[in-house]
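J.: Compact mmCIF, C-alpha atoms, saved as run-v4.txt, coming up:
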```txt
# COMPACT_ATOMS: atom_id res chain seq x y z
CA MET A 1 -13.21 6.92 -15.16
CA GLN A 2 -15.72 6.76 -12.32
CA ALA A 3 -15.72 4.30 -9.43
CA VAL A 4 -18.45 2.95 -7.17
CA ILE A 5 -17.69 1.42 -3.76
CA LEU A 6 -20.46 -0.62 -2.13
CA ALA A 7 -20.27 0.02 1.63
CA ALA A 8 -23.83 -0.15 2.98
CA GLY A 9 -23.74 -3.61 4.57
CA MET A 10 -23.61 -4.47 8.25
CA GLY A 11 -20.82 -7.05 8.11
CA SER A 12 -22.29 -8.99 11.03
CA ARG A 13 -19.84 -11.90 10.60
CA LEU A 14 -17.08 -9.55 11.73
CA ASN A 15 -18.90 -8.24 14.82
CA SER A 16 -16.41 -9.80 17.21
CA MET A 17 -13.73 -7.53 15.72
CA THR A 18 -15.79 -4.43 14.92
CA GLY A 19 -18.17 -4.32 17.87
CA GLY A 20 -21.03 -3.93 15.41
CA GLY A 21 -19.38 -1.18 13.38
CA SER A 22 -18.91 -1.13 9.62
CA LYS A 23 -16.21 -3.47 8.38
CA ALA A 24 -15.18 -0.72 5.97
CA LEU A 25 -13.81 1.02 9.07
CA VAL A 26 -11.64 -1.81 10.43
CA ASP A 27 -8.12 -0.63 11.17
CA ILE A 28 -5.32 -1.92 8.96
CA GLY A 29 -1.92 -0.31 9.17
CA GLY A 30 -3.24 2.54 11.29
CA ARG A 31 -6.04 3.64 8.97
CA PRO A 32 -9.56 2.49 8.02
CA LEU A 33 -9.91 -0.10 5.27
CA LEU A 34 -12.07 2.27 3.19
CA LEU A 35 -9.36 4.92 3.23
CA HIS A 36 -6.89 2.47 1.69
CA THR A 37 -9.32 1.92 -1.20
CA LEU A 38 -9.98 5.62 -1.73
CA GLU A 39 -6.26 6.37 -1.77
CA ALA A 40 -5.58 3.59 -4.28
CA LEU A 41 -8.25 4.97 -6.61
CA ALA A 42 -6.93 8.52 -6.27
CA ASP A 43 -3.37 7.39 -6.94
CA HIS A 44 -4.53 5.85 -10.21
CA GLY A 45 -6.40 8.97 -11.32
CA ILE A 46 -9.83 7.37 -10.95
CA GLY A 47 -12.67 9.71 -10.15
CA PRO A 48 -15.16 10.90 -9.30
CA VAL A 49 -15.89 8.17 -6.75
CA LEU A 50 -19.26 7.32 -5.24
CA VAL A 51 -19.46 5.45 -1.93
CA ILE A 52 -22.88 3.97 -1.21
CA VAL A 53 -23.30 3.79 2.56
CA GLY A 54 -25.93 2.52 4.98
CA HIS A 55 -24.84 0.99 8.28
CA GLU A 56 -22.65 3.43 10.28
CA ALA A 57 -23.22 6.06 7.58
CA GLN A 58 -22.09 9.00 9.72
CA ALA A 59 -18.83 7.33 10.73
CA LEU A 60 -18.14 6.44 7.10
CA GLN A 61 -18.87 10.01 6.01
CA GLU A 62 -16.32 11.33 8.48
CA VAL A 63 -13.62 9.07 7.02
CA ILE A 64 -14.59 9.84 3.43
CA GLY A 65 -14.59 13.62 3.88
CA ASP A 66 -14.28 15.26 0.48
CA ARG A 67 -12.49 12.30 -1.10
CA ALA A 68 -15.70 10.96 -2.65
CA GLU A 69 -19.40 11.57 -3.03
CA VAL A 70 -21.73 9.69 -0.69
CA LEU A 71 -25.15 8.16 -1.36
CA LEU A 72 -27.23 6.76 1.49
CA ASN A 73 -29.07 3.45 1.20
CA GLU A 74 -31.69 4.03 3.88
CA ARG A 75 -32.98 0.48 3.46
CA PHE A 76 -29.60 -1.19 3.98
CA ALA A 77 -30.97 -3.55 6.66
CA GLU A 78 -33.59 -5.05 4.32
CA THR A 79 -31.80 -4.89 0.96
CA ASN A 80 -28.47 -6.00 -0.40
CA SER A 81 -25.62 -4.83 -2.64
CA LEU A 82 -27.65 -5.00 -5.86
CA TYR A 83 -30.12 -2.48 -4.45
CA SER A 84 -27.23 -0.19 -3.46
CA LEU A 85 -25.85 -0.29 -6.99
CA TRP A 86 -29.30 0.42 -8.39
CA LEU A 87 -29.52 3.53 -6.20
CA GLY A 88 -26.44 4.86 -7.98
CA ARG A 89 -27.83 4.26 -11.47
CA ASP A 90 -28.27 7.96 -12.32
CA TRP A 91 -24.80 8.83 -11.00
CA ILE A 92 -23.02 6.33 -13.28
CA LYS A 93 -22.45 8.12 -16.58
CA GLY A 94 -20.05 5.81 -18.39
CA PRO A 95 -17.07 3.53 -17.76
CA PHE A 96 -16.57 2.75 -14.08
CA VAL A 97 -14.78 0.52 -11.61
CA LEU A 98 -16.95 -1.38 -9.14
CA LEU A 99 -15.55 -2.52 -5.79
CA ASN A 100 -16.81 -4.07 -2.59
CA CYS A 101 -15.74 -2.18 0.52
CA ASP A 102 -14.41 -5.33 2.21
CA LEU A 103 -11.68 -5.85 -0.41
CA PHE A 104 -8.11 -5.07 0.72
CA PHE A 105 -5.69 -5.30 -2.18
CA ASP A 106 -2.24 -4.54 -3.49
CA PRO A 107 -2.73 -1.45 -5.74
CA GLN A 108 -0.75 -3.28 -8.43
CA ILE A 109 -3.95 -5.27 -9.02
CA LEU A 110 -5.71 -2.04 -9.91
CA ASP A 111 -2.83 -1.21 -12.27
CA ASP A 112 -3.32 -4.53 -14.05
CA LEU A 113 -7.10 -4.09 -14.24
CA LEU A 114 -6.85 -0.63 -15.80
CA GLU A 115 -4.35 -1.82 -18.40
CA GLN A 116 -6.93 -4.26 -19.79
CA SER A 117 -9.38 -3.08 -22.45
CA GLY A 118 -13.09 -3.79 -22.34
CA ASN A 119 -14.96 -5.25 -19.39
CA VAL A 120 -12.75 -7.04 -16.89
CA LEU A 121 -13.28 -9.03 -13.68
CA ALA A 122 -10.33 -9.70 -11.36
CA TYR A 123 -10.04 -13.27 -10.09
CA ASP A 124 -7.45 -15.43 -8.33
CA SER A 125 -6.84 -18.86 -9.83
CA THR A 126 -5.24 -20.12 -6.61
CA SER A 127 -8.48 -19.80 -4.61
CA SER A 128 -11.83 -21.36 -5.49
CA ARG A 129 -12.84 -24.04 -2.98
CA GLY A 130 -14.61 -22.27 -0.11
CA ARG A 131 -18.38 -22.28 0.22
CA GLU A 132 -18.41 -18.51 0.80
CA GLN A 133 -16.24 -17.74 -2.20
CA THR A 134 -17.70 -16.31 -5.39
CA LYS A 135 -16.26 -18.73 -7.92
CA VAL A 136 -15.60 -17.91 -11.56
CA ALA A 137 -15.95 -20.14 -14.63
CA LEU A 138 -14.11 -19.14 -17.80
CA LYS A 139 -13.92 -20.28 -21.40
CA GLU A 140 -10.55 -19.22 -22.68
CA ARG A 141 -10.37 -15.66 -21.24
CA ARG A 142 -14.09 -14.98 -21.11
CA VAL A 143 -16.16 -15.20 -17.92
CA VAL A 144 -19.12 -17.49 -18.65
CA ASP A 145 -20.55 -17.89 -15.15
CA LEU A 146 -19.88 -17.01 -11.53
CA GLY A 147 -21.48 -17.47 -8.13
CA LYS A 148 -21.09 -19.04 -4.73
CA ASP A 149 -23.10 -22.02 -5.93
CA LEU A 150 -20.74 -22.79 -8.79
CA PRO A 151 -19.15 -26.27 -8.38
CA SER A 152 -15.50 -26.01 -7.42
CA ASN A 153 -14.47 -28.48 -10.11
CA SER A 154 -15.80 -26.17 -12.82
CA ALA A 155 -14.32 -22.99 -11.36
CA ARG A 156 -11.09 -21.35 -12.49
CA GLY A 157 -10.71 -19.17 -9.42
CA GLU A 158 -12.34 -16.77 -6.95
CA SER A 159 -13.69 -13.33 -7.82
CA LEU A 160 -12.13 -10.50 -5.81
CA GLY A 161 -15.14 -8.19 -5.96
CA MET A 162 -13.34 -5.77 -8.33
CA MET A 163 -14.59 -5.15 -11.88
CA LYS A 164 -14.11 -2.59 -14.63
CA PHE A 165 -16.80 -1.80 -17.18
CA ASP A 166 -16.49 0.14 -20.41
CA ALA A 167 -19.38 2.26 -21.73
CA GLU A 168 -21.25 -0.76 -23.13
CA GLY A 169 -20.67 -2.80 -20.01
CA SER A 170 -21.77 0.09 -17.82
CA ARG A 171 -25.09 0.37 -19.63
CA ALA A 172 -25.59 -3.40 -19.43
CA MET A 173 -24.79 -3.54 -15.71
CA VAL A 174 -27.07 -0.64 -14.78
CA GLY A 175 -29.84 -1.95 -17.02
CA THR A 176 -29.63 -5.44 -15.54
CA ALA A 177 -29.70 -4.06 -11.99
CA LYS A 178 -32.82 -2.06 -12.88
CA HIS A 179 -34.51 -5.13 -14.38
CA LEU A 180 -33.74 -7.33 -11.36
CA ILE A 181 -34.90 -4.72 -8.84
CA GLU A 182 -38.12 -4.17 -10.73
CA ALA A 183 -38.59 -7.95 -10.63
CA GLY A 184 -38.52 -7.81 -6.83
CA GLN A 185 -34.92 -8.93 -6.21
CA GLU A 186 -34.01 -6.12 -3.81
CA ASN A 187 -32.23 -8.59 -1.56
CA ALA A 188 -29.94 -9.95 -4.31
CA TRP A 189 -26.19 -9.48 -4.51
CA VAL A 190 -24.43 -7.51 -7.23
CA ILE A 191 -22.95 -10.79 -8.38
CA GLU A 192 -26.40 -11.83 -9.66
CA ALA A 193 -26.40 -8.88 -12.05
CA THR A 194 -22.84 -9.71 -13.12
CA ARG A 195 -23.91 -13.30 -13.74
CA SER A 196 -26.56 -12.09 -16.18
CA VAL A 197 -24.38 -9.43 -17.78
CA CYS A 198 -21.54 -11.84 -18.65
CA LYS A 199 -24.02 -13.66 -20.92
CA GLU A 200 -24.88 -10.41 -22.74
CA ILE A 201 -21.48 -8.81 -23.18
CA THR A 202 -17.89 -9.98 -23.25
CA LEU A 203 -16.49 -9.95 -19.71
CA TYR A 204 -12.84 -10.95 -19.53
CA GLY A 205 -11.18 -12.53 -16.54
CA LEU A 206 -7.93 -11.09 -15.18
CA ASN A 207 -5.95 -13.61 -13.17
CA ILE A 208 -4.07 -11.85 -10.35
CA ALA A 209 -2.63 -15.03 -8.78
CA GLY A 210 0.45 -14.27 -6.74
CA LYS A 211 -0.59 -10.75 -5.78
CA ALA A 212 -1.69 -9.84 -2.27
CA TRP A 213 -5.36 -9.37 -1.43
CA ALA A 214 -8.03 -10.36 1.09
CA GLU A 215 -11.82 -10.26 1.18
CA ILE A 216 -12.58 -9.45 4.80
CA ASP A 217 -15.65 -11.40 5.90
CA PHE A 218 -14.41 -13.16 9.05
CA PRO A 219 -11.88 -12.42 11.83
CA TYR A 220 -9.42 -14.79 10.16
CA ASP A 221 -9.61 -12.71 6.96
CA LEU A 222 -8.79 -9.56 8.90
CA ASP A 223 -5.78 -11.28 10.44
CA VAL A 224 -4.55 -12.29 6.97
CA ALA A 225 -5.06 -8.72 5.73
CA ARG A 226 -2.99 -7.29 8.57
CA ARG A 227 -0.32 -9.97 8.67
CA GLU A 228 0.19 -10.78 4.99
CA VAL A 229 -1.38 -8.18 2.70
CA TRP A 230 -0.52 -4.97 4.55
CA PRO A 231 3.28 -5.54 4.56
CA VAL A 232 3.19 -5.91 0.77
CA ILE A 233 1.17 -2.70 0.36
CA TRP A 234 3.36 -0.86 2.86
CA ARG A 235 6.53 -1.68 0.95
CA GLY A 236 4.91 -0.69 -2.32
CA ARG A 237 3.79 2.59 -0.78
CA TRP A 238 7.34 3.42 0.23
CA ARG A 239 8.52 2.67 -3.31
CA LYS A 240 5.71 4.69 -4.88
CA GLN A 241 6.35 7.72 -2.69
CA VAL A 242 10.09 7.50 -3.31
CA TYR A 243 9.91 7.32 -7.06
CA TRP A 244 7.16 9.95 -7.27
CA LYS A 245 9.31 12.35 -5.33
CA ARG A 246 12.45 11.50 -7.24
CA THR A 247 10.90 11.94 -10.67
CA ARG A 248 8.81 15.00 -9.92
CA TRP A 249 11.36 16.86 -7.91
CA ALA A 250 14.63 15.67 -9.46
CA ALA A 251 15.86 19.09 -10.50
CA ILE A 252 14.83 20.77 -7.27
CA GLY A 253 16.29 17.92 -5.26
CA ALA A 254 19.64 18.25 -7.00
CA ALA A 255 19.79 21.97 -6.28
CA VAL A 256 18.78 21.50 -2.65
CA ALA A 257 21.29 18.69 -2.22
CA ALA A 258 24.06 20.89 -3.57
CA VAL A 259 23.18 23.72 -1.21
CA ALA A 260 22.87 21.31 1.72
CA LEU A 261 26.23 19.75 0.88
CA LEU A 262 27.93 23.13 0.82
CA GLY A 263 26.26 24.07 4.08
CA TRP A 264 27.28 20.81 5.72
CA PHE A 265 30.85 21.19 4.53
CA ALA A 266 31.00 24.71 5.85
CA SER A 267 29.46 23.81 9.20
CA THR A 268 31.58 20.73 9.82
CA GLN A 269 34.92 21.63 8.25
CA LEU A 270 35.51 25.35 8.51
CA GLY A 271 37.06 26.68 11.71
CA PRO A 272 34.85 28.35 14.35
CA GLY A 273 31.26 27.18 14.57
CA SER A 274 32.07 23.61 13.49
CA VAL A 275 30.18 20.67 15.03
CA ASN A 276 31.63 17.52 16.52
CA TRP A 277 29.50 14.40 16.09
CA GLU A 278 29.13 11.25 18.17
CA THR A 279 27.74 7.86 17.21
CA VAL A 280 24.53 6.86 19.01
CA GLU A 281 24.01 3.35 20.35
CA LEU A 282 21.35 1.46 18.33
CA GLY A 283 18.89 -1.15 19.51
CA GLY A 284 17.60 -4.11 17.54
CA ALA A 285 20.81 -4.95 15.67
CA GLU A 286 24.32 -6.28 16.19
CA MET A 287 27.18 -3.76 16.41
CA VAL A 288 30.12 -4.39 14.07
CA ARG A 289 33.36 -2.51 13.39
CA VAL A 290 34.17 -1.30 9.91
CA VAL A 291 37.86 -0.75 9.20
CA ARG A 292 39.01 2.25 7.17
CA ALA A 293 42.39 3.81 6.60
CA ASP A 294 41.60 6.50 9.18
CA GLY A 295 40.56 3.97 11.85
CA GLU A 296 37.59 1.84 12.96
CA GLN A 297 33.95 2.92 12.90
CA ARG A 298 31.03 1.43 14.79
CA TRP A 299 28.09 0.38 12.59
CA TRP A 300 25.04 -1.81 13.20
CA ASN A 301 24.07 -4.78 11.03
CA ALA A 302 20.39 -4.39 9.98
CA PRO A 303 18.73 -7.22 7.96
CA ILE A 304 15.88 -6.34 5.62
CA ASP A 305 12.55 -5.65 7.40
CA VAL A 306 14.27 -5.42 10.82
CA PRO A 307 13.98 -1.94 12.39
CA VAL A 308 16.86 -0.47 14.38
CA THR A 309 16.22 2.23 16.95
CA ALA A 310 18.24 5.21 18.18
CA THR A 311 17.51 7.72 20.94
CA VAL A 312 18.75 11.13 19.84
CA ASP A 313 19.16 14.19 22.06
CA GLY A 314 19.08 17.40 20.11
CA ALA A 315 17.67 19.12 17.08
CA GLU A 316 19.38 17.15 14.33
CA ALA A 317 20.76 13.73 13.48
CA ASP A 318 22.77 12.19 10.67
CA VAL A 319 21.66 8.73 9.50
CA GLN A 320 24.41 6.91 7.62
CA LEU A 321 23.88 3.78 5.54
CA ARG A 322 25.94 1.16 3.73
CA MET A 323 24.57 -1.83 1.81
CA VAL A 324 26.20 -5.23 2.21
CA HIS A 325 26.66 -6.53 -1.33
CA PRO A 326 25.88 -10.23 -1.93
CA ASP A 327 28.75 -12.38 -3.16
CA GLY A 328 28.65 -12.68 -6.91
CA GLY A 329 26.00 -9.97 -7.21
CA PRO A 330 26.10 -6.86 -9.38
CA ASP A 331 28.20 -3.87 -8.38
CA SER A 332 25.20 -1.52 -8.43
CA LEU A 333 22.36 -2.23 -5.97
CA ARG A 334 19.10 -0.35 -5.41
CA PHE A 335 17.59 -0.12 -1.94
CA VAL A 336 14.84 1.75 -0.11
CA VAL A 337 15.20 2.95 3.47
CA ALA A 338 12.26 3.97 5.69
CA ILE A 339 12.82 6.37 8.59
CA THR A 340 10.37 7.02 11.40
CA VAL A 341 10.75 9.76 14.02
CA ASP A 342 8.79 9.58 17.26
CA GLY A 343 6.37 7.08 15.75
CA HIS A 344 5.66 9.09 12.58
CA PRO A 345 6.91 8.11 9.09
CA THR A 346 9.28 10.94 8.24
CA ASP A 347 11.48 10.06 5.31
CA TRP A 348 12.07 7.39 2.70
CA ARG A 349 14.92 7.22 0.26
CA ALA A 350 15.60 5.16 -2.84
CA LEU A 351 19.36 4.91 -3.08
CA THR A 352 22.01 3.27 -5.24
CA SER A 353 24.91 1.45 -3.60
CA LEU A 354 28.28 1.08 -5.32
CA PRO A 355 31.24 -0.91 -3.93
CA ASP A 356 33.58 0.94 -1.56
CA THR A 357 37.01 -0.71 -1.47
CA SER A 358 38.19 1.67 1.26
CA ALA A 359 35.86 0.15 3.89
CA HIS A 360 36.25 -3.42 5.16
CA LEU A 361 34.23 -5.77 7.34
CA GLY A 362 35.92 -9.16 7.17
CA THR A 363 35.39 -10.61 3.72
CA LEU A 364 32.08 -8.80 3.10
CA ARG A 365 31.67 -6.44 0.15
CA LEU A 366 30.50 -3.08 1.46
CA GLY A 367 28.80 -0.33 -0.46
CA ASP A 368 29.62 3.36 -0.36
CA ARG A 369 28.18 5.51 2.41
CA ASP A 370 24.83 7.26 1.95
CA ARG A 371 23.49 9.70 4.50
CA VAL A 372 20.19 11.32 5.46
CA ARG A 373 20.20 14.47 7.59
CA LEU A 374 17.19 14.81 9.95
CA ASP A 375 15.96 18.11 11.39
CA LEU A 376 14.28 16.99 14.62
CA GLY A 377 13.66 20.04 16.76
CA PRO A 378 14.78 20.34 20.39
CA GLY A 379 14.40 17.53 22.91
CA ARG A 380 14.79 13.77 22.92
CA HIS A 381 13.64 11.78 19.88
CA THR A 382 13.27 8.14 18.87
CA VAL A 383 14.56 7.46 15.37
CA VAL A 384 13.75 4.12 13.70
CA VAL A 385 15.55 3.08 10.50
CA MET A 386 14.63 0.06 8.40
CA LEU A 387 15.74 -1.47 5.13
CA ALA A 388 12.31 -1.69 3.47
CA GLU A 389 13.21 -2.99 0.02
CA ALA A 390 16.51 -3.95 -1.58
CA HIS A 391 18.40 -6.11 -4.04
CA GLY A 392 20.40 -7.30 -1.03
CA GLN A 393 19.48 -8.74 2.33
CA ARG A 394 21.07 -6.36 4.83
CA MET A 395 22.67 -3.00 5.35
CA LEU A 396 24.92 -1.31 7.89
CA VAL A 397 23.52 1.72 9.66
CA ARG A 398 24.73 4.22 12.21
CA VAL A 399 23.15 7.37 13.63
CA ARG A 400 25.20 10.40 14.61
CA GLN A 401 24.22 13.41 16.72
CA PRO A 402 26.04 16.71 17.48
CA LEU A 403 28.27 16.45 20.52
CA VAL A 404 29.41 20.02 21.15
CA ARG A 405 29.49 23.26 19.24
CA GLU A 406 32.76 25.11 19.40
CA ASP A 407 32.63 28.92 19.45
```
Write the structure described by the file as structure tokens, please.
T.:
Amino acid sequence: MQAVILAAGMGSRLNSMTGGGSKALVDIGGRPLLLHTLEALADHGIGPVLVIVGHEAQALQEVIGDRAEVLLNERFAETNSLYSLWLGRDWIKGPFVLLNCDLFFDPQILDDLLEQSGNVLAYDSTSSRGREQTKVALKERRVVDLGKDLPSNSARGESLGMMKFDAEGSRAMVGTAKHLIEAGQENAWVIEATRSVCKEITLYGLNIAGKAWAEIDFPYDLDVARREVWPVIWRGRWRKQVYWKRTRWAAIGAAVAAVALLGWFASTQLGPGSVNWETVELGGAEMVRVVRADGEQRWWNAPIDVPVTATVDGAEADVQLRMVHPDGGPDSLRFVVAITVDGHPTDWRALTSLPDTSAHLGTLRLGDRDRVRLDLGPGRHTVVVMLAEAHGQRMLVRVRQPLVRED
């Protein structure tokens, strides 16, 4: 399935944040907005992708690279999104997804859209009252009208600016765009073509209420995208990467883990050449003492979403983790841990925690110990560990580094 991203506009309402640049290039989570969209499409196997650019075309091209094809709307300052879509009419060969470049969304929305058959428009039933919102009217599941001028009391929600068309819908959309442009409506929005098309073909509405998204028109929208939408996407990205790795590399991972375990046992337990380890002080969490039969251990109490930081001297470190099991909860808990080294995301693990009756912290139920070995290279390093997703609310963490090597 193809995809078209409309990114030619100037986005002047966001000038105070962009300095006059393209809003498709605003930074969210350390990367341009457009790159988030391209990665979401690639992750879902959608392609080829066409990005129609205009304002700041060169800067957009540099971000796009070879991830998509690019088409220039040279008349971006005097036309609008309908004209940009019309320029891509010969490129569109069949079913396609159409997106506005200012949409920042949880990729789960794209999952839901692709699961639907036929022509589908994503809308949010919890939002439909703003003057700038493209409101959607539905009869049962079918979209019967949409537009900014639609009365709020007749609207069922706000359009996201994300649609999927099958072969019939694709022909209708391209044909309608051609008809409107030939009628002199070069300054119309794509939504005007959609408004006509929904009267010709069946266009279903997909309600994504409860999922995270933002249409970035104003500085406030950008703040919402960074503060509310990005954390949801970030957590989902950790989960996606974890499960992709675990399913694709399960056999290899098991073999590597076995070799690593043997190597660790040999290096830490067998006579000459063994390594003594020390526990590193952590910042950002409270230190607690876990009691075991062989003595007390220092751990740090890390609630979900709260990063803890260690400064490690040396080429390797051992990150150790224990979940705190909720009272009355199941014995088996799943959790995801994110690890950053020197400011760069380095590792993420999806782990299973089972009760460990040999370790005690007051009346709390502790899980068994999991560990992640980090190869850091020489020098001093900053290691940040965070519980990113879990069936519980907190974990215990400690970081160990080699103390001396005995010859």
J.: Rounded to one decimal place, report the CA of Glu168 in chain A-CA of Ile64 in chain A distance in Å.
T.: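 So the two atoms, CA of Glu168 in chain A and CA of Ile64 in chain A, lie 29.4 Å apart.
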J.: Could you tell me which of A:Gly30, A:Pro107, A:Gly21, A:Gly47 comes closest to Arg235 in chain A if we count all atoms listed in the file?
T.: A:Pro107
J.: In file coordinates, which residues lie within 12 Å of (-16.6, -3.3, 12.1) using all atoms listed in the file, given as a VMD selection string?
T.: chain A and resid 7 9 to 28 32 to 34 55 to 56 59 to 60 101 to 102 216 to 219 222
J.: Given the point (17.8, 16.9, 18.6) in the file's coordinates, find the residues that have an atom at most 10 Å from it, counting only C-alpha atoms, and give them as a list in words.
T.: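 Applying the cut-off with only C-alpha atoms, one gets Thr311, Val312, Asp313, Gly314, Ala315, Glu316, Ala317, Leu374, Asp375, Leu376, Gly377, Pro378, Gly379, Arg380, His381, Thr382, Gln401 and Pro402 of chain A.
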J.: Atoms to include: C-alpha atoms. Write the selected residues as a compact mmCIF listing (two decimals), in the frame of the given file.
T.:
```txt
# COMPACT_ATOMS: atom_id res chain seq x y z
CA THR A 311 17.51 7.72 20.94
CA VAL A 312 18.75 11.13 19.84
CA ASP A 313 19.16 14.19 22.06
CA GLY A 314 19.08 17.40 20.11
CA ALA A 315 17.67 19.12 17.08
CA GLU A 316 19.38 17.15 14.33
CA ALA A 317 20.76 13.73 13.48
CA LEU A 374 17.19 14.81 9.95
CA ASP A 375 15.96 18.11 11.39
CA LEU A 376 14.28 16.99 14.62
CA GLY A 377 13.66 20.04 16.76
CA PRO A 378 14.78 20.34 20.39
CA GLY A 379 14.40 17.53 22.91
CA ARG A 380 14.79 13.77 22.92
CA HIS A 381 13.64 11.78 19.88
CA THR A 382 13.27 8.14 18.87
CA GLN A 401 24.22 13.41 16.72
CA PRO A 402 26.04 16.71 17.48
```
J.: If you measure from CA of Val120 in chain A to CA of Asp66 in chain A, what distance in Å do you get, rounded to one decimal?
T.: 28.3 Å
